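Undergrad: upload-v7.csv (CSV, C-alpha atoms and all ligand atoms) pasted underneath:
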```csv
chain,number,residue,atom,x,y,z
A,1,MET,CA,-0.4,-3.8,-18.8
A,2,ASN,CA,-2.9,-0.9,-18.8
A,3,PRO,CA,-3.5,0.8,-15.6
A,4,LYS,CA,-6.7,0.0,-13.7
A,5,ILE,CA,-7.3,3.7,-13.0
A,6,LYS,CA,-5.9,6.6,-14.9
A,7,VAL,CA,-6.6,10.2,-13.9
A,8,GLU,CA,-5.6,12.9,-16.3
A,9,ASN,CA,-5.4,16.6,-15.4
A,10,LEU,CA,-8.3,16.4,-13.0
A,11,THR,CA,-9.6,19.6,-11.5
A,12,LYS,CA,-12.6,20.1,-9.2
A,13,ILE,CA,-13.7,23.5,-8.3
A,14,PHE,CA,-16.7,24.2,-6.0
A,15,GLY,CA,-18.9,27.3,-6.4
A,16,ARG,CA,-21.6,28.8,-8.6
A,17,ASN,CA,-19.8,28.6,-11.9
A,18,PRO,CA,-16.7,26.5,-11.6
A,19,LYS,CA,-15.7,26.5,-15.2
A,20,SER,CA,-15.5,30.3,-15.2
A,21,VAL,CA,-12.6,30.0,-12.8
A,22,LEU,CA,-10.5,27.6,-14.8
A,23,ALA,CA,-8.6,30.3,-16.7
A,24,LYS,CA,-7.6,32.0,-13.5
A,25,LEU,CA,-6.4,28.7,-12.0
A,26,LYS,CA,-4.4,27.9,-15.1
A,27,SER,CA,-2.7,31.3,-15.1
A,28,GLY,CA,-1.3,30.3,-11.8
A,29,MET,CA,-3.5,32.2,-9.4
A,30,PRO,CA,-3.3,30.6,-5.9
A,31,LYS,CA,-6.2,28.9,-4.3
A,32,ASP,CA,-6.8,31.5,-1.6
A,33,LYS,CA,-6.7,34.4,-4.1
A,34,ILE,CA,-9.3,32.6,-6.2
A,35,LEU,CA,-11.5,32.2,-3.2
A,36,GLN,CA,-11.2,35.8,-2.3
A,37,GLU,CA,-11.8,37.1,-5.8
A,38,THR,CA,-14.4,34.7,-7.1
A,39,GLY,CA,-15.9,32.9,-4.1
A,40,HIS,CA,-14.9,29.6,-5.6
A,41,THR,CA,-13.0,26.9,-3.7
A,42,VAL,CA,-10.4,24.8,-5.6
A,43,GLY,CA,-10.7,21.3,-4.3
A,44,VAL,CA,-8.4,19.5,-6.6
A,45,CYS,CA,-6.1,21.2,-9.1
A,46,ASN,CA,-4.7,19.5,-12.3
A,47,VAL,CA,-4.0,16.1,-10.8
A,48,SER,CA,-2.7,13.2,-12.8
A,49,PHE,CA,-1.8,9.7,-11.7
A,50,GLU,CA,-2.2,6.0,-12.5
A,51,VAL,CA,-3.0,3.1,-10.3
A,52,LYS,CA,-2.2,-0.5,-11.2
A,53,GLU,CA,-4.5,-3.4,-10.7
A,54,GLY,CA,-4.0,-4.9,-7.3
A,55,GLU,CA,-2.1,-1.8,-6.0
A,56,VAL,CA,-2.7,-0.1,-2.7
A,57,PHE,CA,-2.5,3.6,-3.7
A,58,VAL,CA,-2.5,5.9,-0.7
A,59,ILE,CA,-3.4,9.6,-0.9
A,60,MET,CA,-2.0,11.5,2.0
A,61,GLY,CA,-2.3,15.1,3.0
A,62,LEU,CA,-3.4,17.4,5.7
A,63,SER,CA,-7.0,18.3,6.3
A,64,GLY,CA,-8.4,20.4,3.5
A,65,SER,CA,-5.7,19.4,1.0
A,66,GLY,CA,-8.4,17.9,-1.3
A,67,LYS,CA,-8.2,14.1,-0.6
A,68,SER,CA,-11.9,13.5,-0.2
A,69,THR,CA,-12.7,15.7,-3.1
A,70,LEU,CA,-10.4,13.6,-5.2
A,71,ILE,CA,-11.6,10.2,-4.1
A,72,ARG,CA,-15.2,11.3,-4.6
A,73,CYS,CA,-14.4,12.1,-8.2
A,74,LEU,CA,-13.4,8.5,-8.7
A,75,ASN,CA,-17.0,7.3,-8.3
A,76,LEU,CA,-18.4,10.6,-9.6
A,77,LEU,CA,-20.0,11.6,-6.3
A,78,ASN,CA,-18.1,14.7,-7.4
A,79,ARG,CA,-18.3,15.6,-11.1
A,80,PRO,CA,-14.9,16.8,-12.2
A,81,THR,CA,-14.8,20.4,-13.4
A,82,GLU,CA,-12.2,19.3,-16.0
A,83,GLY,CA,-10.1,16.3,-16.7
A,84,LYS,CA,-10.5,12.6,-17.5
A,85,ILE,CA,-10.9,9.5,-15.3
A,86,TYR,CA,-10.3,6.2,-17.1
A,87,ILE,CA,-11.2,3.0,-15.3
A,88,ASP,CA,-10.4,-0.1,-17.2
A,89,ASN,CA,-9.8,2.2,-20.2
A,90,GLU,CA,-13.3,3.7,-20.1
A,91,ASP,CA,-13.7,7.3,-19.4
A,92,ILE,CA,-16.2,7.2,-16.6
A,93,VAL,CA,-17.0,10.9,-16.8
A,94,GLU,CA,-18.7,10.1,-20.1
A,95,TYR,CA,-20.9,7.4,-18.6
A,96,ASP,CA,-24.7,7.7,-19.1
A,97,LYS,CA,-27.0,7.1,-16.1
A,98,LYS,CA,-27.3,3.4,-16.7
A,99,GLN,CA,-23.6,2.8,-17.1
A,100,LEU,CA,-22.9,4.9,-14.0
A,101,LYS,CA,-25.3,2.9,-11.9
A,102,GLU,CA,-23.8,-0.4,-13.0
A,103,PHE,CA,-20.3,1.0,-12.4
A,104,ARG,CA,-21.2,2.0,-8.8
A,105,GLN,CA,-23.0,-1.2,-8.0
A,106,LYS,CA,-20.4,-3.6,-9.4
A,107,LYS,CA,-17.0,-2.0,-9.9
A,108,VAL,CA,-16.4,0.3,-6.9
A,109,ALA,CA,-17.3,0.4,-3.3
A,110,MET,CA,-16.5,3.0,-0.7
A,111,VAL,CA,-15.6,2.8,3.0
A,112,PHE,CA,-16.1,6.0,5.0
A,113,GLN,CA,-14.4,7.5,8.0
A,114,HIS,CA,-17.5,7.5,10.1
A,115,PHE,CA,-18.6,4.1,9.0
A,116,GLY,CA,-21.9,5.3,7.4
A,117,LEU,CA,-23.8,2.3,8.7
A,118,PHE,CA,-27.6,2.1,9.0
A,119,THR,CA,-28.3,2.3,12.7
A,120,HIS,CA,-31.7,0.6,12.4
A,121,ARG,CA,-30.4,-2.3,10.5
A,122,THR,CA,-28.6,-5.3,12.0
A,123,VAL,CA,-25.0,-6.0,11.1
A,124,LEU,CA,-26.1,-8.6,8.6
A,125,ASP,CA,-28.7,-6.4,7.0
A,126,ASN,CA,-26.2,-3.6,6.6
A,127,VAL,CA,-24.0,-5.9,4.7
A,128,VAL,CA,-26.9,-7.3,2.7
A,129,TYR,CA,-27.9,-3.8,1.6
A,130,GLY,CA,-25.8,-3.4,-1.5
A,131,LEU,CA,-26.7,-6.9,-2.7
A,132,GLU,CA,-30.3,-6.1,-2.2
A,133,ILE,CA,-30.0,-3.0,-4.3
A,134,ARG,CA,-28.4,-5.0,-7.0
A,135,GLY,CA,-31.3,-7.5,-7.0
A,136,VAL,CA,-29.3,-10.5,-5.7
A,137,PRO,CA,-32.0,-13.1,-4.6
A,138,GLY,CA,-32.7,-13.4,-0.9
A,139,ASP,CA,-31.0,-16.7,0.0
A,140,GLU,CA,-28.0,-15.9,-2.1
A,141,ARG,CA,-27.5,-12.4,-0.6
A,142,TYR,CA,-27.7,-13.6,2.9
A,143,LYS,CA,-25.2,-16.3,2.1
A,144,ILE,CA,-22.8,-13.8,0.6
A,145,ALA,CA,-23.2,-11.4,3.5
A,146,ARG,CA,-22.5,-14.1,6.1
A,147,LYS,CA,-19.5,-15.2,4.3
A,148,THR,CA,-18.2,-11.6,4.0
A,149,LEU,CA,-18.7,-11.0,7.7
A,150,GLU,CA,-16.7,-14.1,8.4
A,151,ILE,CA,-13.9,-12.8,6.3
A,152,VAL,CA,-13.7,-9.5,8.3
A,153,GLY,CA,-13.8,-11.4,11.6
A,154,LEU,CA,-17.4,-10.7,12.6
A,155,LYS,CA,-18.9,-14.2,12.6
A,156,GLY,CA,-21.4,-14.4,15.4
A,157,TRP,CA,-22.2,-10.6,15.4
A,158,GLU,CA,-24.7,-10.8,12.5
A,159,SER,CA,-27.8,-9.9,14.5
A,160,HIS,CA,-26.3,-7.1,16.6
A,161,TYR,CA,-26.9,-3.5,15.8
A,162,PRO,CA,-24.1,-1.1,14.9
A,163,LYS,CA,-24.2,0.9,18.1
A,164,GLN,CA,-23.7,-2.3,20.1
A,165,LEU,CA,-20.3,-2.6,18.4
A,166,SER,CA,-16.9,-0.9,19.1
A,167,GLY,CA,-15.6,1.5,16.5
A,168,GLY,CA,-13.2,-1.0,15.1
A,169,MET,CA,-16.0,-3.6,14.7
A,170,GLN,CA,-18.3,-1.0,13.1
A,171,GLN,CA,-15.6,-0.3,10.5
A,172,ARG,CA,-15.3,-4.0,9.9
A,173,VAL,CA,-19.0,-3.9,9.0
A,174,GLY,CA,-18.3,-1.0,6.7
A,175,LEU,CA,-15.6,-3.0,5.1
A,176,ALA,CA,-17.8,-6.1,4.8
A,177,ARG,CA,-20.5,-4.0,3.2
A,178,ALA,CA,-18.0,-2.7,0.6
A,179,LEU,CA,-16.6,-6.2,0.0
A,180,ALA,CA,-19.9,-7.9,-0.3
A,181,ASN,CA,-20.4,-6.8,-3.9
A,182,ASP,CA,-17.0,-8.0,-4.8
A,183,PRO,CA,-15.9,-4.7,-6.4
A,184,ASP,CA,-12.6,-4.4,-8.3
A,185,ILE,CA,-11.9,-1.1,-6.6
A,186,LEU,CA,-12.2,-0.1,-3.0
A,187,LEU,CA,-12.2,3.6,-2.2
A,188,MET,CA,-11.4,4.1,1.5
A,189,ASP,CA,-11.6,7.7,2.8
A,190,GLU,CA,-9.8,7.8,6.1
A,191,PRO,CA,-11.4,4.6,7.2
A,192,PHE,CA,-9.3,4.2,10.3
A,193,SER,CA,-8.9,7.8,11.4
A,194,ALA,CA,-11.7,7.7,13.9
A,195,LEU,CA,-10.3,4.6,15.7
A,196,ASP,CA,-8.1,4.4,18.8
A,197,PRO,CA,-4.4,3.9,18.0
A,198,LEU,CA,-4.3,0.3,19.1
A,199,ILE,CA,-7.4,-0.8,17.2
A,200,ARG,CA,-6.1,1.3,14.3
A,201,ARG,CA,-2.9,-0.6,14.0
A,202,GLU,CA,-4.8,-3.9,14.2
A,203,MET,CA,-7.1,-2.8,11.4
A,204,GLN,CA,-4.1,-1.7,9.3
A,205,GLN,CA,-2.6,-5.1,9.7
A,206,GLU,CA,-5.9,-6.8,8.8
A,207,LEU,CA,-6.3,-4.8,5.7
A,208,LEU,CA,-2.8,-5.8,4.6
A,209,ASP,CA,-3.7,-9.5,5.4
A,210,LEU,CA,-7.0,-9.2,3.6
A,211,GLN,CA,-5.4,-7.5,0.6
A,212,SER,CA,-2.8,-10.2,0.2
A,213,LYS,CA,-5.7,-12.6,-0.4
A,214,LEU,CA,-8.2,-10.4,-2.2
A,215,LYS,CA,-5.8,-8.3,-4.4
A,216,LYS,CA,-8.3,-5.5,-4.9
A,217,THR,CA,-7.2,-2.2,-6.3
A,218,ILE,CA,-7.4,0.1,-3.3
A,219,ILE,CA,-7.4,3.9,-3.0
A,220,PHE,CA,-6.8,4.6,0.6
A,221,ILE,CA,-6.8,8.1,2.1
A,222,THR,CA,-5.1,9.2,5.3
A,223,HIS,CA,-3.6,12.2,6.9
A,224,ASP,CA,-1.1,10.1,8.8
A,225,ILE,CA,2.2,9.7,7.0
A,226,ASN,CA,3.1,6.6,9.0
A,227,GLU,CA,-0.2,4.9,8.0
A,228,ALA,CA,0.4,6.0,4.4
A,229,PHE,CA,3.9,4.4,4.3
A,230,LYS,CA,2.7,1.3,6.1
A,231,LEU,CA,-0.1,0.5,3.7
A,232,GLY,CA,0.8,2.1,0.4
A,233,ASP,CA,2.5,0.4,-2.4
A,234,ARG,CA,2.7,3.9,-3.7
A,235,VAL,CA,1.8,7.2,-1.9
A,236,ALA,CA,0.7,10.5,-3.4
A,237,ILE,CA,1.2,13.5,-1.1
A,238,MET,CA,-1.3,16.3,-1.6
A,239,LYS,CA,-1.2,20.0,-0.6
A,240,ASP,CA,-3.7,22.6,-1.5
A,241,GLY,CA,-5.4,20.4,-4.2
A,242,ILE,CA,-2.1,19.5,-5.9
A,243,ILE,CA,-0.2,16.3,-5.8
A,244,GLU,CA,3.3,17.3,-4.6
A,245,GLN,CA,5.0,13.9,-5.0
A,246,ILE,CA,4.1,10.4,-6.0
A,247,GLY,CA,6.3,7.4,-5.2
A,248,THR,CA,6.9,4.3,-3.2
A,249,PRO,CA,7.5,4.9,0.4
A,250,GLU,CA,11.2,4.1,-0.1
A,251,GLU,CA,11.4,6.5,-3.1
A,252,ILE,CA,9.8,9.3,-1.1
A,253,LEU,CA,12.0,8.7,1.9
A,254,ALA,CA,15.1,8.5,-0.2
A,255,ASN,CA,14.3,11.5,-2.4
A,256,PRO,CA,11.8,13.9,-0.8
A,257,LYS,CA,11.0,16.4,-3.6
A,258,ASN,CA,10.9,19.6,-1.5
A,259,GLU,CA,10.9,21.1,1.9
A,260,TYR,CA,7.3,20.3,2.4
A,261,ILE,CA,7.7,16.6,1.8
A,262,LYS,CA,10.9,16.6,3.9
A,263,ASN,CA,9.1,17.9,6.8
A,264,PHE,CA,6.5,15.1,6.5
A,265,VAL,CA,9.0,12.3,6.4
A,266,ARG,CA,11.3,13.7,9.0
A,267,ASP,CA,9.6,11.8,11.8
A,268,ILE,CA,9.1,8.6,9.9
A,269,ASP,CA,10.6,5.5,11.5
A,270,ARG,CA,12.7,4.3,8.5
A,271,SER,CA,13.1,0.8,9.9
A,272,LYS,CA,9.3,0.3,9.5
A,273,VAL,CA,9.4,1.4,5.9
A,274,MET,CA,12.5,-0.1,4.6
A,275,GLN,CA,12.3,-3.8,3.8
A,276,ALA,CA,15.0,-6.5,3.3
A,277,LYS,CA,14.8,-6.0,-0.4
A,278,ASN,CA,15.7,-2.3,0.0
A,279,VAL,CA,18.8,-2.9,1.9
A,280,MET,CA,20.1,-6.2,0.5
A,281,PHE,CA,22.8,-6.3,-2.2
A,282,ARG,CA,24.1,-8.8,-4.6
A,283,PRO,CA,26.7,-10.9,-3.0
A,284,SER,CA,30.1,-10.1,-4.4
A,285,ALA,CA,30.8,-13.8,-4.7
A,286,LEU,CA,28.8,-17.0,-4.8
A,287,VAL,CA,29.7,-20.6,-5.5
A,288,SER,CA,27.6,-23.5,-6.7
A,289,LEU,CA,28.0,-26.9,-5.2
A,290,LYS,CA,29.6,-28.3,-8.3
A,291,ASP,CA,32.3,-25.6,-8.3
A,292,GLY,CA,34.0,-27.3,-5.5
A,293,LEU,CA,36.3,-26.3,-2.6
A,294,LYS,CA,39.1,-24.7,-4.6
A,295,ILE,CA,36.9,-22.3,-6.4
A,296,ALA,CA,35.2,-21.4,-3.1
A,297,ILE,CA,38.4,-20.6,-1.5
A,298,GLN,CA,39.6,-18.6,-4.5
A,299,GLU,CA,36.3,-16.6,-4.6
A,300,MET,CA,36.6,-15.7,-0.9
A,301,GLU,CA,40.2,-14.7,-1.2
A,302,GLN,CA,39.5,-12.6,-4.3
A,303,SER,CA,36.6,-10.8,-2.7
A,304,GLY,CA,38.2,-10.5,0.7
A,305,ILE,CA,35.4,-12.3,2.6
A,306,SER,CA,35.6,-14.9,5.2
A,307,SER,CA,32.4,-16.9,4.3
A,308,ILE,CA,30.5,-17.5,1.1
A,309,PHE,CA,27.0,-18.8,0.3
A,310,VAL,CA,26.6,-21.9,-1.8
A,311,VAL,CA,23.8,-22.3,-4.2
A,312,ASP,CA,22.6,-25.0,-6.7
A,313,ASN,CA,22.2,-24.5,-10.5
A,314,ASP,CA,18.9,-22.7,-9.9
A,315,ARG,CA,20.4,-20.4,-7.4
A,316,ARG,CA,18.7,-22.2,-4.5
A,317,LEU,CA,20.5,-21.7,-1.3
A,318,GLN,CA,22.4,-24.8,-0.1
A,319,GLY,CA,24.4,-23.4,2.8
A,320,LEU,CA,27.4,-21.4,3.7
A,321,VAL,CA,31.1,-22.2,4.0
A,322,THR,CA,33.8,-20.3,5.9
A,323,ILE,CA,37.3,-19.8,4.7
A,324,ASP,CA,38.8,-21.7,7.6
A,325,ASP,CA,36.6,-24.7,7.1
A,326,ALA,CA,37.3,-24.7,3.4
A,327,ILE,CA,41.1,-24.6,3.8
A,328,LYS,CA,40.9,-27.4,6.4
A,329,ALA,CA,38.6,-29.5,4.2
A,330,LEU,CA,40.9,-29.1,1.3
A,331,LYS,CA,43.8,-30.6,3.3
A,332,GLU,CA,41.6,-33.4,4.5
A,333,ASN,CA,40.4,-34.2,1.0
A,334,LYS,CA,36.8,-33.5,1.8
A,335,ARG,CA,34.2,-32.0,-0.6
A,336,LEU,CA,32.4,-28.7,-0.5
A,337,ALA,CA,29.2,-30.5,0.3
A,338,ASP,CA,30.7,-32.0,3.5
A,339,ILE,CA,31.3,-28.7,5.2
A,340,LEU,CA,28.2,-26.8,4.4
A,341,GLN,CA,26.8,-24.9,7.4
A,342,GLN,CA,23.3,-23.9,8.1
A,343,THR,CA,24.1,-21.5,11.0
A,344,PHE,CA,23.0,-18.3,9.3
A,345,TYR,CA,19.7,-16.5,9.2
A,346,THR,CA,17.5,-16.3,6.1
A,347,THR,CA,14.7,-13.8,5.5
A,348,LYS,CA,12.1,-12.9,2.9
A,349,PRO,CA,12.4,-9.8,0.8
A,350,GLU,CA,9.4,-8.2,2.5
A,351,THR,CA,10.7,-8.4,6.0
A,352,TYR,CA,10.9,-4.9,7.6
A,353,VAL,CA,14.3,-3.7,8.7
A,354,HIS,CA,13.2,-3.2,12.3
A,355,GLU,CA,12.7,-7.0,12.5
A,356,LEU,CA,16.2,-7.5,11.0
A,357,ILE,CA,18.1,-5.3,13.4
A,358,PRO,CA,18.3,-7.8,16.3
A,359,ILE,CA,19.2,-10.6,13.9
A,360,ALA,CA,21.8,-8.5,12.1
A,361,THR,CA,23.4,-7.6,15.4
A,362,LYS,CA,23.8,-11.1,16.7
A,363,SER,CA,24.7,-12.9,13.4
A,364,LYS,CA,28.2,-13.7,12.5
A,365,TYR,CA,27.4,-14.1,8.8
A,366,PRO,CA,25.4,-12.0,6.3
A,367,ILE,CA,21.6,-12.6,6.3
A,368,ALA,CA,20.4,-14.4,3.2
A,369,VAL,CA,17.4,-13.0,1.5
A,370,VAL,CA,15.5,-15.8,-0.3
A,371,ASP,CA,12.3,-16.1,-2.2
A,372,ASP,CA,9.5,-18.7,-1.7
A,373,ASP,CA,11.5,-21.2,-3.6
A,374,ASP,CA,14.6,-20.7,-1.5
A,375,ARG,CA,16.4,-18.9,-4.3
A,376,LEU,CA,19.0,-16.5,-3.0
A,377,LEU,CA,18.0,-12.9,-3.9
A,378,GLY,CA,20.6,-11.0,-2.0
A,379,ILE,CA,22.5,-10.7,1.2
A,380,ILE,CA,22.3,-8.2,4.1
A,381,VAL,CA,25.2,-7.3,6.3
A,382,ARG,CA,25.0,-5.4,9.6
A,383,VAL,CA,26.3,-2.2,8.1
A,384,SER,CA,23.7,-2.1,5.4
A,385,VAL,CA,20.9,-2.5,7.9
A,386,LEU,CA,22.3,0.3,10.1
A,387,SER,CA,23.1,2.7,7.3
A,388,SER,CA,19.6,2.4,5.9
A,389,LEU,CA,18.4,4.0,9.0
A,390,VAL,CA,20.1,7.4,8.7
B,401,LIG,N1,-19.0,20.4,-1.3
B,401,LIG,C1,-18.1,21.4,-1.1
B,401,LIG,N2,-18.4,22.7,-1.4
B,401,LIG,C2,-17.4,23.7,-1.2
B,401,LIG,N3,-16.2,23.4,-0.9
B,401,LIG,C3,-15.8,22.2,-0.6
B,401,LIG,C4,-16.8,21.1,-0.8
B,401,LIG,N4,-16.1,19.9,-0.4
B,401,LIG,C5,-14.9,20.3,-0.2
B,401,LIG,N5,-14.7,21.6,-0.3
B,401,LIG,C6,-13.4,22.3,-0.1
B,401,LIG,O1,-12.4,21.7,-0.9
B,401,LIG,C7,-11.2,21.7,-0.2
B,401,LIG,C8,-10.7,20.3,0.0
B,401,LIG,O2,-11.5,19.6,0.9
B,401,LIG,P1,-11.5,18.1,1.1
B,401,LIG,O3,-11.4,17.4,-0.2
B,401,LIG,O4,-12.6,17.7,2.0
B,401,LIG,O5,-10.1,17.9,1.9
B,401,LIG,P2,-9.6,16.7,2.8
B,401,LIG,O6,-10.4,15.5,2.5
B,401,LIG,O7,-8.2,16.5,2.3
B,401,LIG,O8,-9.6,17.1,4.2
B,401,LIG,C9,-11.4,22.4,1.2
B,401,LIG,O9,-11.0,23.7,1.0
B,401,LIG,C10,-12.9,22.3,1.4
B,401,LIG,O10,-13.4,23.3,2.1
B,402,MG,MG,-11.5,14.3,3.8
```
What is this structure when it is put down as structure tokens?

TA:
Amino acid sequence: MNPKIKVENLTKIFGRNPKSVLAKLKSGMPKDKILQETGHTVGVCNVSFEVKEGEVFVIMGLSGSGKSTLIRCLNLLNRPTEGKIYIDNEDIVEYDKKQLKEFRQKKVAMVFQHFGLFTHRTVLDNVVYGLEIRGVPGDERYKIARKTLEIVGLKGWESHYPKQLSGGMQQRVGLARALANDPDILLMDEPFSALDPLIRREMQQELLDLQSKLKKTIIFITHDINEAFKLGDRVAIMKDGIIEQIGTPEEILANPKNEYIKNFVRDIDRSKVMQAKNVMFRPSALVSLKDGLKIAIQEMEQSGISSIFVVDNDRRLQGLVTIDDAIKALKENKRLADILQQTFYTTKPETYVHELIPIATKSKYPIAVVDDDDRLLGIIVRVSVLSSLV
């Protein structure tokens, strides 16, 4: 599948004659030296990455690292000094005026840190705005706007003005306004950075919930590594206009590329990044119902385990048997199906390790990780949970 967004060797320099500085930059002159010598500021330097459709791609970095410069290139609010930006395989840098207008109205929408709402318009009219610009007829656009406000949890607030709303609610309006045009791509520049921690966490969760339904392609900017790892399918970490590392949160945690990244991830709570699927492993032995008791006992003995999960032909989990029960049942001429237990815990692959810790500690048996069809994907034992945290 082609990437939704593909950025190639993108550079953005601010100043009187940006292109004149390119050679110096390419020869390796550092950003501060370029500023000193030429008065030009390097915003983004030779950045390349791809974003898949439906992905939440987080750009993380300290203030001044070039995050806003980069995201503003993606809707050409910033014109790149050099480089290519393909969206759905089209190089948007080459767009003419008409194409660009259509692109901005239909394909992308932006949510800003300070909400960027019209103070003199009601909540509803803020959300209607983009639809108005696009020429959506009156009835239709109010219908869409009301529905979008409902999606972001603001039903009943339509006729209020932004300043009557809390920060979190204002950002919901910002989000509704961006979503109203049903864009493929959402560009979010530190949308939650101005919010109180509690509200912020709530908004992060809501974004994840929304995204699981809407499946937009999202570029999300933050300077908070915990937020980055919570929201991002993949995260790009920027420093001085350069992307230092790109990867899934687990990849970055497991393999920080250099000291700079290591410093960032040092304080991360691993149990909130690692999920069941990251710590599970393939069971060393499994039996299916039709294998019967003898095979079950044999498998357990060979693997040196005292219990074993039983699945059907499609690997759907049927239960668990212990070695003691199995030996007893064999003597009593019972079948495997007669002694299946259900006294174990199951979990989904996306469950975070911090939710598994209490379960793992009190459970006698491994935790079974199953998909939506109850198929066994892997098992988790207490040690694997604990060792994932160090
Ligand atoms: N319009 C501009 N003109 C000149 N310099 C700019 C402009 N916008 C950003 N910069 C500079 O580019 C660098 C990156 O800034 P920015 O992208 O805003 O960082 P971030 O969003 O990560 O805080 C900074 O050095 C900033 O001063
Ligand atoms: Mg910024």

Undergrad: Would you pick out the contacts of range 131-145 of chain A at 10 Å or less, using all atoms listed in the file, so that residues sharing its chain but fewer than 2 positions from it are not included, and give the list as a list in words?

TA: Lys101, Glu102, Gln105, Lys106, Val123, Leu124, Asp125, Asn126, Val127, Val128, Tyr129, Lys147, Thr148, Leu149, Glu150, Ile151, Glu158, Ala176, Arg177, Leu179, Ala180, Asn181 and Asp182 of chain A

Undergrad: Which of these residues is nearest to ligand MG 402 (chain B), using all atoms listed in the file: A:Glu259, A:Glu227, A:Glu190, A:Glu202?

TA: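 Distance minimum relative to ligand MG 402 (chain B) lands on A:Glu190.
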
Undergrad: Any idea what the distance is between CA of Leu377 in chain A and CA of Leu214 in chain A?

TA: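 If I compute the distance from CA of Leu377 in chain A to CA of Leu214 in chain A, I get 26.4 Å.
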
Undergrad: Using all atoms listed in the file, find each protein or nucleic acid residue lying at most 7 Å from ligand MG 402 (chain B); present the set as a count of residues only.

TA: 6

Undergrad: How far is it from CA of Asp91 in chain A to CA of Gly43 in chain A, in Å with one decimal?

TA: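 So the answer is 20.8 Å.
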
Undergrad: Skipping near chain neighbours, those fewer than 5 positions away, what residues fall within 7 Å of range 240-256 of chain A using all atoms listed in the file, listed as an mmCIF file with C-alpha atoms, in the coordinates of the input?

TA:
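Saved as result28.cif:
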```cif
data_model
loop_
_atom_site.group_PDB
_atom_site.id
_atom_site.type_symbol
_atom_site.label_atom_id
_atom_site.label_comp_id
_atom_site.auth_asym_id
_atom_site.auth_seq_id
_atom_site.Cartn_x
_atom_site.Cartn_y
_atom_site.Cartn_z
ATOM 1 C CA VAL A 42 -10.400 24.800 -5.600
ATOM 2 C CA GLY A 43 -10.700 21.300 -4.300
ATOM 3 C CA VAL A 44 -8.400 19.500 -6.600
ATOM 4 C CA CYS A 45 -6.100 21.200 -9.100
ATOM 5 C CA ASN A 46 -4.700 19.500 -12.300
ATOM 6 C CA VAL A 47 -4.000 16.100 -10.800
ATOM 7 C CA SER A 65 -5.700 19.400 1.000
ATOM 8 C CA GLY A 66 -8.400 17.900 -1.300
ATOM 9 C CA PHE A 229 3.900 4.400 4.300
ATOM 10 C CA ASP A 233 2.500 0.400 -2.400
ATOM 11 C CA ARG A 234 2.700 3.900 -3.700
ATOM 12 C CA VAL A 235 1.800 7.200 -1.900
ATOM 13 C CA ILE A 261 7.700 16.600 1.800
ATOM 14 C CA LYS A 262 10.900 16.600 3.900
ATOM 15 C CA VAL A 265 9.000 12.300 6.400
ATOM 16 C CA VAL A 273 9.400 1.400 5.900
ATOM 17 C CA MET A 274 12.500 -0.100 4.600
#
```

Undergrad: Name the residues, using the chain letters and numbers of the file, that sit within 12 Å of (-17.6, 8.7, 13.9) when counting only C-alpha atoms, and give them as a PyMOL selection string.

TA: chain A and resi 112-117+162-163+166-168+170-171+190-196

Undergrad: Work out how far atom C3 of ligand LIG 401 (chain B) is from CA of Cys73 in chain A, in Å to one decimal.

TA: 12.7 Å

Undergrad: Of the candidates A:Leu336, A:Ile13, A:Ile85, A:Met1, which one gets nearest to ligand LIG 401 (chain B) if we count all atoms listed in the file?

TA: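 The shortest atom-to-atom distance to ligand LIG 401 (chain B) comes from A:Ile13.
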